[in-house]
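Report on the following structure.
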Amino acid sequence: MVGLVDCDNFFCSCERVFRPDLMNVPVVVLSNNDGCVVARSREAKQLGVREGLPYYQLLEQFPSAGIVAFSSNYTLYGDISGRIMQILRQEAPDVTQYSIDEAFLHLDGMDPSKLKQWGERLCAKVLRYTGMPVSLGIAPTKTLAKVASKYAKKYPGYRKCCMIADRQQRIRALELFPVDDVWGIGRRISASLQSRGITNALGFAGLPREFVRARYHLPAEQTWRELNGENVIQLECMTVTHKKTIMTSRSFPGMITDPADLNTHVANYAARCARKLRAQQSVCAMLTVFIQSNRFREDLLQYDNSASHTFATSTATTTELVNAAGALLRTIFRPGIYYKRAGVMVSGISSAGAIQPDLFEFDPEARARQVSVSNALDRINDRMGADTVVLGAQQYRQKSADGKSVKFVNAIRRALKSPDYTTRLGTFKVG
């Protein structure tokens, strides 16, 4: 059997852990620079707040609804997530974290007749120890466990744990489950199925396997097999995903005209891309930088441009990516423009263990030094906190309250950010 633990409205629930006064109050969490709604509590959803709604429209459309908005606080969310995962690892035989708020539990060896009660106790323990409500679905496959977790979250009678244990329960669960909510069925496949009159998961599971594979290919066939009780998606295959492109992009808190300030943002974006490449043990062959003016300000001159650089030898070192990004920015920067957004994208991604060096330009000693510097940065920042050590090009001129340059994570607008309750002792005042 497999379990799927899913935190209920994770970001909003994190904000409520240290704010019990917000229980049953509509809560939303905003994107970077407080741009739009990225998370909603159950109460906010019931009011009709949609995901992606710009914050200014939220204020206009719900002026007296009592909605409490927060800026994203990923330090808090990440720490609470880590605490939840620690509890799961103590209680379950094997745990694979799938996202910041989800984890699969490998339950082989446990007594099937006692799993439901065990699951209820586990959810109660997580709530008691962390203040976070979680739901648990237990089933023979990962996809069915996802289905069960949705029922556990929606219906209080399950006591936060729903178990699909036999064929009759599976058929009933799939009959009531919308096909477009099935894990692994995207919009395109969902639209195709609904055009054929298939609106629930049971209808999809009842299609001939040969038709599913021919029409929707292997991933959809795996979902079909899972819905029919065959465990085919391997947990270990979900721990590492190698992206074909990686992009870091943000809108600025205000508009920027100074090329030095713009370069600092772009340098940090490139450094983030380099770190993500190394995390998945990859290198890139191409780097692209783009900059944009404020398209909502029709009274200002509009500008949108990009440029790309191809590396003679694929790389993932911070120095090479930051230097290339800075050089590209200088070629496309145009004075007199009020810039609102920039980004860096790396592509042509391949394994770091299969680099084909350029015959004439590759310097193995220089590359070895750059790799050593990048690895040292990773170790220091992993141990001491993000951006403890950065390249000079990444340092912001903006100063924090203690007179030090602000870090990348704080160089965006977060006017509604909650305190870092779990990681800063100064958050709490005694006496």
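Identifiers in this document derive from the order of the structure tokens: chains are assigned A, B, ..., residues are numbered from 1 separately in each chain, and ligands are numbered from 1 in order of occurrence.
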
(request) Pick out the residues sitting within 10 Å of Asp101 of chain A, and hand them over as a ChimeraX atom specification; count only C-alpha atoms, and ignore anything fewer than 2 positions along from it in its own chain. (result) /A:5-11,77-78,80-82,84-85,97-99,103,134

(request) Give me the residues within 10 Å of Leu193 of chain A as number ranges by chain, counting only C-alpha atoms and dropping any in the same chain fewer than 4 places off. (result) A: 179-180, 185, 187-189, 197-200, 203-204

So that I have them on file, write out the residues from the current selection with N, CA and C atoms, as a CSV table (one decimal), in the first residue's frame.
chain,number,residue,atom,x,y,z
A,179,VAL,N,-12.6,13.6,-14.0
A,179,VAL,CA,-11.5,13.1,-14.8
A,179,VAL,C,-10.4,14.2,-14.9
A,180,ASP,N,-10.8,15.5,-14.9
A,180,ASP,CA,-9.8,16.5,-15.0
A,180,ASP,C,-9.0,16.8,-13.7
A,185,ILE,N,-3.4,13.6,-15.7
A,185,ILE,CA,-4.2,13.9,-16.9
A,185,ILE,C,-4.3,15.4,-17.0
A,187,ARG,N,-4.8,19.2,-19.3
A,187,ARG,CA,-5.9,19.9,-19.9
A,187,ARG,C,-6.2,19.3,-21.3
A,188,ARG,N,-5.2,19.0,-22.1
A,188,ARG,CA,-5.4,18.5,-23.4
A,188,ARG,C,-6.1,17.1,-23.4
A,189,ILE,N,-5.6,16.2,-22.6
A,189,ILE,CA,-6.2,14.9,-22.5
A,189,ILE,C,-7.6,15.0,-21.9
A,197,GLY,N,-17.4,12.2,-24.0
A,197,GLY,CA,-18.4,12.0,-22.9
A,197,GLY,C,-17.9,11.3,-21.7
A,198,ILE,N,-16.6,11.3,-21.5
A,198,ILE,CA,-16.0,10.8,-20.3
A,198,ILE,C,-15.7,11.9,-19.3
A,199,THR,N,-16.4,11.9,-18.2
A,199,THR,CA,-16.3,13.0,-17.3
A,199,THR,C,-15.7,12.6,-15.9
A,200,ASN,N,-15.7,11.3,-15.7
A,200,ASN,CA,-15.2,10.9,-14.4
A,200,ASN,C,-14.0,9.9,-14.6
A,203,GLY,N,-14.7,6.3,-16.0
A,203,GLY,CA,-14.9,6.3,-17.5
A,203,GLY,C,-13.5,6.1,-18.2
A,204,PHE,N,-12.5,6.9,-17.7
A,204,PHE,CA,-11.2,6.8,-18.3
A,204,PHE,C,-10.6,5.4,-18.0

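Straight-line separation from atom CA of Ile164 of chain A to atom CA of Ala145 of chain A: 7.7 Å.
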
Skipping near chain neighbours, those fewer than 5 positions away, what residues fall within 7 Å of segment 296-307 of chain A using only C-alpha atoms, listed as a compact mmCIF listing (two decimals) with C-alpha atoms, in the first residue's frame?
# COMPACT_ATOMS: atom_id res chain seq x y z
CA THR A 288 19.52 34.00 -22.61
CA VAL A 289 18.86 37.37 -20.94
CA PHE A 290 15.68 39.38 -21.49
CA ILE A 291 14.57 42.79 -20.22
CA LEU A 328 24.52 40.15 -22.82
CA ILE A 332 20.59 45.07 -25.13
CA ILE A 337 13.74 53.11 -20.52

(request) Extract, using only C-alpha atoms, all DNA, RNA and protein residues at most 12 Å from Leu329 of chain A, discarding same-chain residues fewer than 5 positions from it, and format them as an MDAnalysis selection string. (result) chainID A and resid 259:267 270 287:292 305:309 322:324 334 342:344

For the residues selected in the previous step, produce a file with N, CA and C atoms as an mmCIF file, in the first residue's frame.
data_model
loop_
_atom_site.group_PDB
_atom_site.id
_atom_site.type_symbol
_atom_site.label_atom_id
_atom_site.label_comp_id
_atom_site.auth_asym_id
_atom_site.auth_seq_id
_atom_site.Cartn_x
_atom_site.Cartn_y
_atom_site.Cartn_z
ATOM 1 N N PRO A 259 21.660 51.175 -15.144
ATOM 2 C CA PRO A 259 22.165 49.883 -15.634
ATOM 3 C C PRO A 259 22.868 49.061 -14.555
ATOM 4 N N ALA A 260 23.478 49.718 -13.572
ATOM 5 C CA ALA A 260 24.151 48.981 -12.504
ATOM 6 C C ALA A 260 23.143 48.211 -11.657
ATOM 7 N N ASP A 261 22.013 48.848 -11.330
ATOM 8 C CA ASP A 261 20.971 48.158 -10.566
ATOM 9 C C ASP A 261 20.387 46.997 -11.368
ATOM 10 N N LEU A 262 20.184 47.223 -12.656
ATOM 11 C CA LEU A 262 19.651 46.166 -13.519
ATOM 12 C C LEU A 262 20.633 44.997 -13.598
ATOM 13 N N ASN A 263 21.909 45.312 -13.679
ATOM 14 C CA ASN A 263 22.932 44.265 -13.760
ATOM 15 C C ASN A 263 22.956 43.407 -12.490
ATOM 16 N N THR A 264 22.731 44.040 -11.333
ATOM 17 C CA THR A 264 22.722 43.280 -10.083
ATOM 18 C C THR A 264 21.605 42.251 -10.079
ATOM 19 N N HIS A 265 20.415 42.649 -10.515
ATOM 20 C CA HIS A 265 19.302 41.707 -10.596
ATOM 21 C C HIS A 265 19.632 40.558 -11.553
ATOM 22 N N VAL A 266 20.128 40.897 -12.730
ATOM 23 C CA VAL A 266 20.423 39.874 -13.732
ATOM 24 C C VAL A 266 21.514 38.928 -13.232
ATOM 25 N N ALA A 267 22.523 39.464 -12.539
ATOM 26 C CA ALA A 267 23.583 38.616 -11.988
ATOM 27 C C ALA A 267 23.015 37.612 -10.992
ATOM 28 N N ALA A 270 21.157 34.860 -12.882
ATOM 29 C CA ALA A 270 22.099 33.909 -13.484
ATOM 30 C C ALA A 270 22.689 32.980 -12.429
ATOM 31 N N LEU A 287 22.762 30.516 -22.732
ATOM 32 C CA LEU A 287 22.168 31.405 -21.735
ATOM 33 C C LEU A 287 21.504 32.569 -22.450
ATOM 34 N N THR A 288 20.289 32.903 -22.020
ATOM 35 C CA THR A 288 19.517 34.001 -22.614
ATOM 36 C C THR A 288 19.138 35.006 -21.533
ATOM 37 N N VAL A 289 19.283 36.286 -21.837
ATOM 38 C CA VAL A 289 18.863 37.371 -20.943
ATOM 39 C C VAL A 289 17.777 38.177 -21.641
ATOM 40 N N PHE A 290 16.703 38.499 -20.918
ATOM 41 C CA PHE A 290 15.684 39.380 -21.490
ATOM 42 C C PHE A 290 15.354 40.493 -20.507
ATOM 43 N N ILE A 291 14.986 41.633 -21.031
ATOM 44 C CA ILE A 291 14.574 42.787 -20.225
ATOM 45 C C ILE A 291 13.312 43.382 -20.836
ATOM 46 N N GLN A 292 12.444 43.928 -19.970
ATOM 47 C CA GLN A 292 11.171 44.465 -20.436
ATOM 48 C C GLN A 292 10.834 45.751 -19.697
ATOM 49 N N ASN A 305 13.513 43.311 -25.170
ATOM 50 C CA ASN A 305 14.596 42.758 -25.973
ATOM 51 C C ASN A 305 15.256 41.601 -25.236
ATOM 52 N N SER A 306 15.956 40.770 -25.992
ATOM 53 C CA SER A 306 16.677 39.645 -25.406
ATOM 54 C C SER A 306 17.914 39.350 -26.236
ATOM 55 N N ALA A 307 18.834 38.623 -25.651
ATOM 56 C CA ALA A 307 20.049 38.204 -26.345
ATOM 57 C C ALA A 307 20.520 36.888 -25.744
ATOM 58 N N SER A 308 21.202 36.087 -26.545
ATOM 59 C CA SER A 308 21.646 34.768 -26.100
ATOM 60 C C SER A 308 23.138 34.582 -26.356
ATOM 61 N N HIS A 309 23.721 33.730 -25.535
ATOM 62 C CA HIS A 309 25.146 33.391 -25.669
ATOM 63 C C HIS A 309 25.285 31.873 -25.643
ATOM 64 N N VAL A 322 27.290 34.214 -14.701
ATOM 65 C CA VAL A 322 27.103 35.615 -14.318
ATOM 66 C C VAL A 322 27.835 36.536 -15.290
ATOM 67 N N ASN A 323 29.056 36.190 -15.667
ATOM 68 C CA ASN A 323 29.813 37.017 -16.608
ATOM 69 C C ASN A 323 29.124 37.076 -17.971
ATOM 70 N N ALA A 324 28.604 35.939 -18.442
ATOM 71 C CA ALA A 324 27.921 35.916 -19.734
ATOM 72 C C ALA A 324 26.637 36.740 -19.689
ATOM 73 N N ARG A 334 19.133 49.737 -23.054
ATOM 74 C CA ARG A 334 18.853 50.981 -23.775
ATOM 75 C C ARG A 334 18.549 52.079 -22.768
ATOM 76 N N ALA A 342 13.071 41.563 -15.711
ATOM 77 C CA ALA A 342 14.206 40.958 -16.396
ATOM 78 C C ALA A 342 14.241 39.482 -16.048
ATOM 79 N N GLY A 343 14.985 38.725 -16.801
ATOM 80 C CA GLY A 343 15.075 37.299 -16.524
ATOM 81 C C GLY A 343 16.266 36.670 -17.215
ATOM 82 N N VAL A 344 16.633 35.508 -16.720
ATOM 83 C CA VAL A 344 17.719 34.719 -17.302
ATOM 84 C C VAL A 344 17.217 33.302 -17.506
#

(request) From a DSSP calculation on the backbone, collect every residue of segment 60-178 of chain A in alpha helix (DSSP H) and output the set as a ChimeraX atom specification. (result) /A:60-61,74-91,115-130,142-154,167-175

(request) Quote the spacing between atom CA of Glu51 of chain A and atom CA of Ala191 of chain A in Å to one decimal place. (result) 20.9 Å

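One distance worth recording is that between atom CA of Ala285 of chain A and atom CA of Gly348 of chain A, which is 4.8 Å.
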
(request) Counting only C-alpha atoms, figure out which residue out of A:Ser293, A:Gln395, A:Thr331, A:Thr310 gets nearest to Ser347 of chain A. (result) A:Thr310

(message) Need the shell around Arg16 of chain A: protein/DNA/RNA residues with any atom at most 10 Å away, counting only C-alpha atoms. Skip same-chain ones fewer than 5 positions apart. Format as JSON, numbers by chain?
(response) {"A": [10, 11, 21, 22, 23, 24, 25, 27, 131, 132]}

(message) With only C-alpha atoms as the counted atoms, please give the residues lying no more than 6 Å from Phe104 of chain A, apart from itself and same-chain residues fewer than 6 positions off, as a PyMOL selection string.
(response) chain A and resi 3-4+95-96

Those selected residues, please, written with C-alpha atoms and delivered as an mmCIF file, in the first residue's frame.
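Output saved as again_5.cif:
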data_model
loop_
_atom_site.group_PDB
_atom_site.id
_atom_site.type_symbol
_atom_site.label_atom_id
_atom_site.label_comp_id
_atom_site.auth_asym_id
_atom_site.auth_seq_id
_atom_site.Cartn_x
_atom_site.Cartn_y
_atom_site.Cartn_z
ATOM 1 C CA GLY A 3 0.129 6.726 1.306
ATOM 2 C CA LEU A 4 0.015 10.304 0.067
ATOM 3 C CA VAL A 95 9.106 8.520 2.752
ATOM 4 C CA THR A 96 9.623 10.275 -0.587
#

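Counting only C-alpha atoms and comparing A:Arg330, A:Arg121, A:Lys417, A:His106, the residue that lies closest to Val68 of chain A is A:Lys417.
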
(request) Write out as a list in words each polymer residue whose atoms come within 9 Å of segment 228-232 of chain A, counting only C-alpha atoms; drop sequence neighbours fewer than 5 positions from it. (result) Ala139, Pro140, Thr141, Lys142, Thr143, Leu144, Arg167, Arg170, Ala205, Gly206, Gln222 and Thr223 of chain A

(request) From a DSSP calculation on the backbone, collect every residue of segment 293-366 of chain A in strand (DSSP E) and output the set as a PyMOL selection string. (result) chain A and resi 293+304-315+339-347+350-351

(request) Give the answer as one residue: which of A:Thr75, A:Asn381, A:Thr317, A:Ser113 has the shortest atom-to-atom distance to Ile100 of chain A, using only C-alpha atoms? (result)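 Smallest separation from Ile100 of chain A among the options: A:Thr75.
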
(request) Tell me which of A:Arg225, A:Gln168, A:Met286, A:Val182 sits closest to Leu207 of chain A, counting only C-alpha atoms. (result)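 Distance minimum relative to Leu207 of chain A lands on A:Arg225.
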
(message) Could you check the closest approach to Val390 of chain A for each of A:Phe211, A:Asp420, A:Leu377, A:Pro156 and tell me which residue wins, using only C-alpha atoms?
(response)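 Of A:Phe211, A:Asp420, A:Leu377, A:Pro156, the one nearest Val390 of chain A, counting only C-alpha atoms, is A:Leu377.
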